[in-house]
2 protein chains.
Amino acid sequence: MASPLSPDASRLLRDLTHSLPMALLRTREAVVQRFRRVLSRYDLTEQQWRVLRALDGKGGLEISALAEQCRILLPSMTGILRRMEGRGLVWREANRADGRSMRVALTERAQALVEQIKPEVVAVYAEIERILGQEKLELLYTLLEELERGLAQGEASNP
Amino acid sequence: MASPLSPDASRLLRDLTHSLPMALLRTREAVVQRFRRVLSRYDLTEQQWRVLRALDGKGGLEISALAEQCRILLPSMTGILRRMEGRGLVWREANRADGRSMRVALTERAQALVEQIKPEVVAVYAEIERILGQEKLELLYTLLEELERGLAQGEASNP
DNA sequence: CGTGGATACTTAACATGTTAACCATCTAAG
DNA sequence: CTTAGATGGTTAACATGTTAAGTATCCACG
């Protein structure tokens, strides 16, 4: 029945616990949990913080651009912005030049909130750097981005 | 108003696009998308595939153990197993020794399905290894696991 | 000027993530 | 024995992820 995989295939198909998607998930989970500890005290989700960070310092962004930077799909972004607007964290205005698009920007209250939270987030980053060391951390960033670019590359050929 | 961050803090607080959670998310997104292409043809989500992989080759697992290995929280696992049971992929039996716990196992149909899908998944892993190279890939695994362990470590002190 | 195809969202429907509360055991301590 | 707390799962409520469909513009071309 189950024809066994070749030795090479067995090597590639790691134990679930050590598969690449799982490794990325587990590490991200561990990292994000540290940030969540901070953000939950401000009733913010990780995604809402991404939106705050992306808009911080900018006059405003089109929703598509914001969604792309935050890596949040547009349908999710619709709900996130609706809730954040309800809390007075963002506001939007129609783009006069293009009736389809919207610009979103932080309210003053949100800007103040970002400034308040930033130092706590920085502290988390400092802890992470302390754990892994600056050099290894940079290496990790490099590998992650190289793999991401490589995968995006082969994207065009297998649509 | 916004007191500027120290130079060190500015270094730690990277541009959102290059922050660690984002880098992990983006890379994982790119990786998982490749697997999803395969799995969607079998009407499987990434999480359902994790359950299949975790149960594959084992006689059965308690739901808690399964959830931990898959890194899926118990409330999510409840729904996932309900749907998979409805499709005849898993079955469960009460644990005679402990009336609280349940054991889940793959049906024969699910085992056959796993064997059918494995080669396609292996092909994705091969592509990933081709992109990054075996050496860098191993290095990436090492760094991810080291960071995860380091973060789990400091967990006990900051509960 | 009109029309077909792109573009920027939004809605809808379903699956999962996240937290808190709940329920039925089980376990240990009195 | 029994009762308080721990454990294994589920339910509930809400936020987000994922895919497909819908809506209102915009744009290029005839």
# chains A, B, ... in the order shown; residues from 1 in each chain; ligands from 1

$ residues_around --residues "stretch 130-144 of chain B" --least-positions-apart "5" --cutoff "12 Å" --atoms "only C-alpha atoms (C1' of nucleotides)" --output "NGL selection string"
(:A and (11-12 or 14 or 17-31 or 131-133 or 135-154)) or (:B and (20 or 24 or 27 or 31 or 123-125 or 149-151))

$ residues_around --residues "C:DA15" --least-positions-apart "4" --cutoff "9 Å" --atoms "only C-alpha atoms (C1' of nucleotides)" --output "PyMOL selection string"
(chain B and resi 45+79-80) or (chain D and resi 17-18)

$ write_last_selection --atoms "N, CA and C atoms (P, O5', C5', C4', C3', O3' and C1' of nucleotides)" --output "PDB file, in the first residue's frame"
ATOM      1  N   THR B  45      -6.794  22.350   4.644  1.00  0.00           N
ATOM      2  CA  THR B  45      -6.133  23.557   5.097  1.00  0.00           C
ATOM      3  C   THR B  45      -4.762  23.166   5.629  1.00  0.00           C
ATOM      4  N   GLY B  79     -12.856  22.401  16.717  1.00  0.00           N
ATOM      5  CA  GLY B  79     -13.540  22.567  15.436  1.00  0.00           C
ATOM      6  C   GLY B  79     -12.872  21.809  14.307  1.00  0.00           C
ATOM      7  N   ILE B  80     -11.548  21.837  14.279  1.00  0.00           N
ATOM      8  CA  ILE B  80     -10.814  21.157  13.211  1.00  0.00           C
ATOM      9  C   ILE B  80     -11.133  19.665  13.240  1.00  0.00           C
TER      10      ILE B  80
ATOM     11  P    DG D  17      -5.089  38.759   9.813  1.00  0.00           P
ATOM     12  O5'  DG D  17      -5.588  37.316   9.335  1.00  0.00           O
ATOM     13  C5'  DG D  17      -4.914  36.156   9.817  1.00  0.00           C
ATOM     14  C4'  DG D  17      -5.249  34.926   8.959  1.00  0.00           C
ATOM     15  C3'  DG D  17      -4.905  35.050   7.478  1.00  0.00           C
ATOM     16  O3'  DG D  17      -4.499  33.767   7.015  1.00  0.00           O
ATOM     17  C1'  DG D  17      -7.233  34.698   7.714  1.00  0.00           C
ATOM     18  P    DT D  18      -3.880  33.564   5.584  1.00  0.00           P
ATOM     19  O5'  DT D  18      -5.154  33.191   4.709  1.00  0.00           O
ATOM     20  C5'  DT D  18      -5.834  31.965   4.952  1.00  0.00           C
ATOM     21  C4'  DT D  18      -6.939  31.774   3.920  1.00  0.00           C
ATOM     22  C3'  DT D  18      -6.606  32.283   2.518  1.00  0.00           C
ATOM     23  O3'  DT D  18      -6.718  31.193   1.629  1.00  0.00           O
ATOM     24  C1'  DT D  18      -8.770  32.989   3.183  1.00  0.00           C
TER      25       DT D  18
END

$ interface_residues --of "chain A" --to "chain C" --cutoff "12 Å" --atoms "only C-alpha atoms (C1' of nucleotides)" --output "PyMOL selection string"
chain A and resi 29+33+36+40+45-46+62-65+67+73-79+82+94-95+98-103

$ write_last_selection --atoms "N, CA, C and O atoms" --output "mmCIF file, in the first residue's frame"
data_model
loop_
_atom_site.group_PDB
_atom_site.id
_atom_site.type_symbol
_atom_site.label_atom_id
_atom_site.label_comp_id
_atom_site.auth_asym_id
_atom_site.auth_seq_id
_atom_site.Cartn_x
_atom_site.Cartn_y
_atom_site.Cartn_z
ATOM 1 N N GLU A 29 5.435 32.669 17.032
ATOM 2 C CA GLU A 29 4.533 32.581 18.173
ATOM 3 C C GLU A 29 5.245 33.073 19.451
ATOM 4 O O GLU A 29 4.711 33.881 20.211
ATOM 5 N N GLN A 33 4.264 36.628 21.281
ATOM 6 C CA GLN A 33 3.691 36.573 22.617
ATOM 7 C C GLN A 33 4.269 37.669 23.509
ATOM 8 O O GLN A 33 3.558 38.254 24.332
ATOM 9 N N ARG A 36 2.622 40.798 22.568
ATOM 10 C CA ARG A 36 1.207 40.809 22.948
ATOM 11 C C ARG A 36 1.021 41.186 24.422
ATOM 12 O O ARG A 36 0.035 41.812 24.797
ATOM 13 N N SER A 40 -1.671 44.061 24.826
ATOM 14 C CA SER A 40 -2.981 43.738 25.394
ATOM 15 C C SER A 40 -3.342 44.720 26.512
ATOM 16 O O SER A 40 -4.511 44.961 26.758
ATOM 17 N N THR A 45 -4.586 44.585 19.328
ATOM 18 C CA THR A 45 -4.122 43.326 18.786
ATOM 19 C C THR A 45 -2.808 43.576 18.049
ATOM 20 O O THR A 45 -2.440 44.720 17.771
ATOM 21 N N GLU A 46 -2.134 42.488 17.739
ATOM 22 C CA GLU A 46 -0.884 42.620 17.018
ATOM 23 C C GLU A 46 -1.123 43.319 15.673
ATOM 24 O O GLU A 46 -0.342 44.180 15.276
ATOM 25 N N GLU A 62 -3.055 55.050 1.364
ATOM 26 C CA GLU A 62 -4.199 54.387 0.761
ATOM 27 C C GLU A 62 -4.339 53.020 1.412
ATOM 28 O O GLU A 62 -3.359 52.409 1.817
ATOM 29 N N ILE A 63 -5.573 52.553 1.480
ATOM 30 C CA ILE A 63 -5.844 51.301 2.178
ATOM 31 C C ILE A 63 -5.059 50.140 1.572
ATOM 32 O O ILE A 63 -4.508 49.302 2.290
ATOM 33 N N SER A 64 -4.971 50.108 0.266
ATOM 34 C CA SER A 64 -4.225 49.017 -0.367
ATOM 35 C C SER A 64 -2.768 49.037 0.052
ATOM 36 O O SER A 64 -2.194 48.001 0.400
ATOM 37 N N ALA A 65 -2.169 50.217 0.028
ATOM 38 C CA ALA A 65 -0.766 50.325 0.402
ATOM 39 C C ALA A 65 -0.580 49.933 1.862
ATOM 40 O O ALA A 65 0.365 49.211 2.214
ATOM 41 N N ALA A 67 -2.465 47.918 3.602
ATOM 42 C CA ALA A 67 -2.656 46.470 3.733
ATOM 43 C C ALA A 67 -1.416 45.718 3.288
ATOM 44 O O ALA A 67 -0.994 44.756 3.920
ATOM 45 N N LEU A 73 -4.637 41.062 4.553
ATOM 46 C CA LEU A 73 -5.455 41.043 3.347
ATOM 47 C C LEU A 73 -6.558 42.092 3.459
ATOM 48 O O LEU A 73 -7.026 42.414 4.551
ATOM 49 N N LEU A 74 -6.973 42.587 2.303
ATOM 50 C CA LEU A 74 -7.947 43.674 2.284
ATOM 51 C C LEU A 74 -9.231 43.355 3.053
ATOM 52 O O LEU A 74 -9.715 44.215 3.795
ATOM 53 N N PRO A 75 -9.794 42.157 2.900
ATOM 54 C CA PRO A 75 -11.018 41.893 3.671
ATOM 55 C C PRO A 75 -10.802 41.999 5.181
ATOM 56 O O PRO A 75 -11.666 42.503 5.891
ATOM 57 N N SER A 76 -9.644 41.556 5.659
ATOM 58 C CA SER A 76 -9.369 41.709 7.086
ATOM 59 C C SER A 76 -9.184 43.177 7.427
ATOM 60 O O SER A 76 -9.654 43.657 8.462
ATOM 61 N N MET A 77 -8.496 43.877 6.558
ATOM 62 C CA MET A 77 -8.216 45.279 6.829
ATOM 63 C C MET A 77 -9.501 46.085 6.956
ATOM 64 O O MET A 77 -9.590 47.000 7.778
ATOM 65 N N THR A 78 -10.489 45.748 6.168
ATOM 66 C CA THR A 78 -11.776 46.438 6.257
ATOM 67 C C THR A 78 -12.304 46.420 7.689
ATOM 68 O O THR A 78 -12.672 47.457 8.244
ATOM 69 N N GLY A 79 -12.321 45.240 8.279
ATOM 70 C CA GLY A 79 -12.825 45.128 9.648
ATOM 71 C C GLY A 79 -11.930 45.803 10.660
ATOM 72 O O GLY A 79 -12.408 46.476 11.579
ATOM 73 N N ARG A 82 -12.456 49.461 10.510
ATOM 74 C CA ARG A 82 -13.772 49.828 11.040
ATOM 75 C C ARG A 82 -13.724 49.891 12.577
ATOM 76 O O ARG A 82 -14.196 50.831 13.204
ATOM 77 N N ALA A 94 -12.108 60.305 1.547
ATOM 78 C CA ALA A 94 -12.105 59.857 0.164
ATOM 79 C C ALA A 94 -10.997 60.574 -0.584
ATOM 80 O O ALA A 94 -10.650 61.722 -0.280
ATOM 81 N N ASN A 95 -10.445 59.902 -1.532
ATOM 82 C CA ASN A 95 -9.423 60.502 -2.388
ATOM 83 C C ASN A 95 -10.132 61.294 -3.485
ATOM 84 O O ASN A 95 -10.876 60.730 -4.281
ATOM 85 N N ASP A 98 -9.310 60.147 -6.992
ATOM 86 C CA ASP A 98 -9.787 58.829 -7.426
ATOM 87 C C ASP A 98 -10.902 58.361 -6.505
ATOM 88 O O ASP A 98 -10.669 58.032 -5.355
ATOM 89 N N GLY A 99 -12.094 58.363 -7.021
ATOM 90 C CA GLY A 99 -13.270 58.049 -6.213
ATOM 91 C C GLY A 99 -13.289 56.671 -5.625
ATOM 92 O O GLY A 99 -14.114 56.366 -4.762
ATOM 93 N N ARG A 100 -12.387 55.796 -6.088
ATOM 94 C CA ARG A 100 -12.389 54.435 -5.556
ATOM 95 C C ARG A 100 -11.601 54.328 -4.260
ATOM 96 O O ARG A 100 -11.987 53.623 -3.338
ATOM 97 N N SER A 101 -10.501 55.036 -4.209
ATOM 98 C CA SER A 101 -9.570 54.794 -3.103
ATOM 99 C C SER A 101 -9.836 55.690 -1.903
ATOM 100 O O SER A 101 -10.483 56.730 -1.999
ATOM 101 N N MET A 102 -9.351 55.257 -0.768
ATOM 102 C CA MET A 102 -9.510 55.964 0.498
ATOM 103 C C MET A 102 -8.128 56.197 1.101
ATOM 104 O O MET A 102 -7.242 55.365 0.972
ATOM 105 N N ARG A 103 -7.992 57.284 1.804
ATOM 106 C CA ARG A 103 -6.773 57.505 2.560
ATOM 107 C C ARG A 103 -7.086 57.370 4.047
ATOM 108 O O ARG A 103 -8.086 57.878 4.518
#

$ closest_atom_pairs --of "chain D" --to "chain B" --cutoff "10 Å" --atoms "only C-alpha atoms (C1' of nucleotides)" --output "tab-separated table"
residue	atom	partner	partner_atom	distance
D:DT7	C1'	B:Arg100	CA	8.3
D:DG8	C1'	B:Arg100	CA	5.4
D:DG9	C1'	B:Arg100	CA	7.3
D:DT10	C1'	B:Thr78	CA	7.4
D:DT11	C1'	B:Pro75	CA	8.6
D:DT18	C1'	B:Thr45	CA	10.0

$ closest_residue --among "B:Ala105, B:Leu66, B:Met84, B:Leu44" --to "chain A" --atoms "only C-alpha atoms"
B:Leu66

$ select_by_dssp --residues "chain B" --states "strand (DSSP E or B)" --output "number ranges by chain"
B: 61-62, 90-94, 102-106

$ write_last_selection --atoms "all heavy atoms" --output "mmCIF file, in the first residue's frame"
data_model
loop_
_atom_site.group_PDB
_atom_site.id
_atom_site.type_symbol
_atom_site.label_atom_id
_atom_site.label_comp_id
_atom_site.auth_asym_id
_atom_site.auth_seq_id
_atom_site.Cartn_x
_atom_site.Cartn_y
_atom_site.Cartn_z
ATOM 1 N N LEU B 61 -3.426 9.691 19.329
ATOM 2 C CA LEU B 61 -2.873 10.659 20.278
ATOM 3 C C LEU B 61 -3.995 11.249 21.100
ATOM 4 O O LEU B 61 -5.131 11.336 20.636
ATOM 5 C CB LEU B 61 -2.152 11.793 19.538
ATOM 6 C CG LEU B 61 -0.752 11.540 18.988
ATOM 7 C CD1 LEU B 61 -0.255 12.761 18.234
ATOM 8 C CD2 LEU B 61 0.202 11.186 20.119
ATOM 9 N N GLU B 62 -3.659 11.662 22.305
ATOM 10 C CA GLU B 62 -4.639 12.424 23.058
ATOM 11 C C GLU B 62 -4.745 13.809 22.435
ATOM 12 O O GLU B 62 -3.779 14.324 21.876
ATOM 13 C CB GLU B 62 -4.197 12.540 24.515
ATOM 14 C CG GLU B 62 -4.168 11.194 25.211
ATOM 15 C CD GLU B 62 -4.103 11.348 26.708
ATOM 16 O OE1 GLU B 62 -3.893 12.484 27.175
ATOM 17 O OE2 GLU B 62 -4.262 10.335 27.423
ATOM 18 N N VAL B 90 -10.653 11.344 10.537
ATOM 19 C CA VAL B 90 -10.201 10.900 11.862
ATOM 20 C C VAL B 90 -11.374 10.305 12.625
ATOM 21 O O VAL B 90 -12.533 10.520 12.281
ATOM 22 C CB VAL B 90 -9.610 12.072 12.693
ATOM 23 C CG1 VAL B 90 -8.446 12.721 11.976
ATOM 24 C CG2 VAL B 90 -10.683 13.090 13.023
ATOM 25 N N TRP B 91 -11.059 9.546 13.631
ATOM 26 C CA TRP B 91 -12.096 9.042 14.534
ATOM 27 C C TRP B 91 -11.553 9.138 15.950
ATOM 28 O O TRP B 91 -10.342 9.213 16.165
ATOM 29 C CB TRP B 91 -12.488 7.610 14.183
ATOM 30 C CG TRP B 91 -11.358 6.645 14.249
ATOM 31 C CD1 TRP B 91 -10.414 6.431 13.284
ATOM 32 C CD2 TRP B 91 -11.023 5.773 15.325
ATOM 33 N NE1 TRP B 91 -9.518 5.489 13.689
ATOM 34 C CE2 TRP B 91 -9.873 5.059 14.940
ATOM 35 C CE3 TRP B 91 -11.594 5.522 16.577
ATOM 36 C CZ2 TRP B 91 -9.267 4.112 15.775
ATOM 37 C CZ3 TRP B 91 -10.998 4.580 17.403
ATOM 38 C CH2 TRP B 91 -9.852 3.885 16.993
ATOM 39 N N ARG B 92 -12.437 9.147 16.913
ATOM 40 C CA ARG B 92 -11.971 9.269 18.295
ATOM 41 C C ARG B 92 -12.648 8.241 19.191
ATOM 42 O O ARG B 92 -13.749 7.791 18.916
ATOM 43 C CB ARG B 92 -12.199 10.656 18.861
ATOM 44 C CG ARG B 92 -13.373 11.418 18.326
ATOM 45 C CD ARG B 92 -13.459 12.741 19.032
ATOM 46 N NE ARG B 92 -13.854 13.818 18.147
ATOM 47 C CZ ARG B 92 -13.801 15.091 18.498
ATOM 48 N NH1 ARG B 92 -13.395 15.434 19.691
ATOM 49 N NH2 ARG B 92 -14.161 16.028 17.646
ATOM 50 N N GLU B 93 -11.973 7.940 20.243
ATOM 51 C CA GLU B 93 -12.552 7.034 21.230
ATOM 52 C C GLU B 93 -12.209 7.578 22.606
ATOM 53 O O GLU B 93 -11.173 8.215 22.802
ATOM 54 C CB GLU B 93 -11.985 5.622 21.070
ATOM 55 C CG GLU B 93 -10.486 5.557 21.264
ATOM 56 C CD GLU B 93 -9.934 4.146 21.125
ATOM 57 O OE1 GLU B 93 -10.735 3.204 21.167
ATOM 58 O OE2 GLU B 93 -8.704 4.000 20.988
ATOM 59 N N ALA B 94 -13.103 7.327 23.550
ATOM 60 C CA ALA B 94 -12.851 7.770 24.917
ATOM 61 C C ALA B 94 -11.717 6.952 25.507
ATOM 62 O O ALA B 94 -11.532 5.777 25.165
ATOM 63 C CB ALA B 94 -14.116 7.622 25.752
ATOM 64 N N MET B 102 -9.539 12.072 25.379
ATOM 65 C CA MET B 102 -9.956 11.395 24.149
ATOM 66 C C MET B 102 -8.718 11.018 23.351
ATOM 67 O O MET B 102 -7.731 11.750 23.359
ATOM 68 C CB MET B 102 -10.768 12.363 23.287
ATOM 69 C CG MET B 102 -12.080 12.796 23.871
ATOM 70 S SD MET B 102 -13.401 11.989 22.966
ATOM 71 C CE MET B 102 -14.540 11.608 24.278
ATOM 72 N N ARG B 103 -8.780 9.927 22.633
ATOM 73 C CA ARG B 103 -7.716 9.585 21.709
ATOM 74 C C ARG B 103 -8.236 9.764 20.291
ATOM 75 O O ARG B 103 -9.354 9.367 19.982
ATOM 76 C CB ARG B 103 -7.247 8.139 21.904
ATOM 77 C CG ARG B 103 -6.578 7.911 23.258
ATOM 78 C CD ARG B 103 -6.009 6.514 23.345
ATOM 79 N NE ARG B 103 -4.837 6.325 22.515
ATOM 80 C CZ ARG B 103 -3.633 6.768 22.843
ATOM 81 N NH1 ARG B 103 -3.458 7.448 23.957
ATOM 82 N NH2 ARG B 103 -2.607 6.555 22.055
ATOM 83 N N VAL B 104 -7.434 10.376 19.431
ATOM 84 C CA VAL B 104 -7.802 10.558 18.026
ATOM 85 C C VAL B 104 -6.837 9.762 17.175
ATOM 86 O O VAL B 104 -5.661 9.639 17.520
ATOM 87 C CB VAL B 104 -7.682 12.028 17.577
ATOM 88 C CG1 VAL B 104 -8.684 12.344 16.501
ATOM 89 C CG2 VAL B 104 -7.785 12.956 18.752
ATOM 90 N N ALA B 105 -7.318 9.249 16.066
ATOM 91 C CA ALA B 105 -6.450 8.515 15.147
ATOM 92 C C ALA B 105 -6.941 8.720 13.721
ATOM 93 O O ALA B 105 -8.090 9.126 13.496
ATOM 94 C CB ALA B 105 -6.436 7.038 15.497
ATOM 95 N N LEU B 106 -6.061 8.451 12.766
ATOM 96 C CA LEU B 106 -6.419 8.575 11.357
ATOM 97 C C LEU B 106 -7.257 7.375 10.922
ATOM 98 O O LEU B 106 -7.047 6.262 11.389
ATOM 99 C CB LEU B 106 -5.159 8.624 10.484
ATOM 100 C CG LEU B 106 -4.221 9.811 10.662
ATOM 101 C CD1 LEU B 106 -3.161 9.799 9.571
ATOM 102 C CD2 LEU B 106 -4.990 11.118 10.623
#

$ atom_distance --atom1 "atom CA of A:Val51" --atom2 "atom C1' of D:DG22"
26.3 Å

$ select_by_dssp --residues "stretch 58-157 of chain B" --states "alpha helix (DSSP H)" --output "ChimeraX atom specification"
/B:63-70,74-86,108-132,134-153

$ atom_distance --atom1 "atom CA of A:Arg53" --atom2 "atom CA of A:Val121"
11.1 Å
